[in-house]
Amino acid sequence: MSHWFDSSIAHLHKYSKKSIMEKLFKLLSDAQASLFVLFHKTWVYHWNVVGKDFQQHHTLFGEQYNTIFEEIDRLSEHMRYLNVKPLSSLNRVLEVSKIKEASSSANAEGMISDLLQSNIDFCDMMGKISEEAEEQKSYATANLVQDLMESHGKFVWMLRSFSDTSSKRVQEEVEEEVIEEVEEETTEE
């Protein structure tokens, strides 16, 4: 009788652990899809950026999409380690992703702003996965997503710096125009 009881308890423990882990697996699938969409968005912006800061933006976006490409592989292989099959259908990736696709009409500043928000959203997603992974004692998963958070935190910093530079440059140009107008008015008098 005791043997049957132990076997039933073990089965229930295994079943409940699987159910508990399913939440983490769903979060990882969402993250993989979101990372793939972020990769594609960054790549599209790399191709389509124009303007006087073209080279800087083109290079920044190129560095970021190369990093994200490697991260997708790392995350997907970790999912396979956990016996979770990564999403393979592009339709399903778009359905599941928490990151929106690239805007086809964004200018350079819009691209920076869109990528900034997308990376912030991705960092938030990684924070939730890290908490769940820690709770499930899936420490390798927690370490992986914390690495991704650090990487995308750096992207946020870089994109925010471009955004601040763009804002400051616009402000400086407006101030220069005002000074020129004042000087013109003063010269006319």
# chains A, B, ... in the order shown; residues from 1 in each chain; ligands from 1
$ residues_around --residues "range 84-87 of chain A" --least-positions-apart "2" --cutoff "10 Å" --atoms "only C-alpha atoms" --output "list in words"
Glu22, Phe25, Lys26, Leu28, Ser29, Asp30, Gln32, Ala33, Leu75, Ser76, Glu77, His78, Met79, Arg80, Tyr81, Leu82, Ser89, Leu90, Asn91, Arg92, Val93 and Val96 of chain A
$ select_by_dssp --residues "range 44-189 of chain A" --states "alpha helix (DSSP H)" --output "MDAnalysis selection string"
chainID A and resid 44:48 54:81 90:96 108:135 139:188
$ closest_residue --among "A:Phe162, A:Phe122, A:Phe54, A:Tyr45" --to "Ala106 in chain A" --atoms "only C-alpha atoms"
A:Tyr45
$ closest_residue --among "A:Val44, A:Leu116, A:Met125, A:Ile68" --to "Glu101 in chain A" --atoms "only C-alpha atoms"
A:Val44
$ residues_around --residues "range 129-134 of chain A" --least-positions-apart "2" --cutoff "8 Å" --atoms "only C-alpha atoms" --output "list in words"
Leu24, Leu27, Leu28, Met125, Met126, Gly127, Gln136, Lys137, Ser138, Tyr139, Thr141, Ala142, Asn143, Val145 and Gln146 of chain A
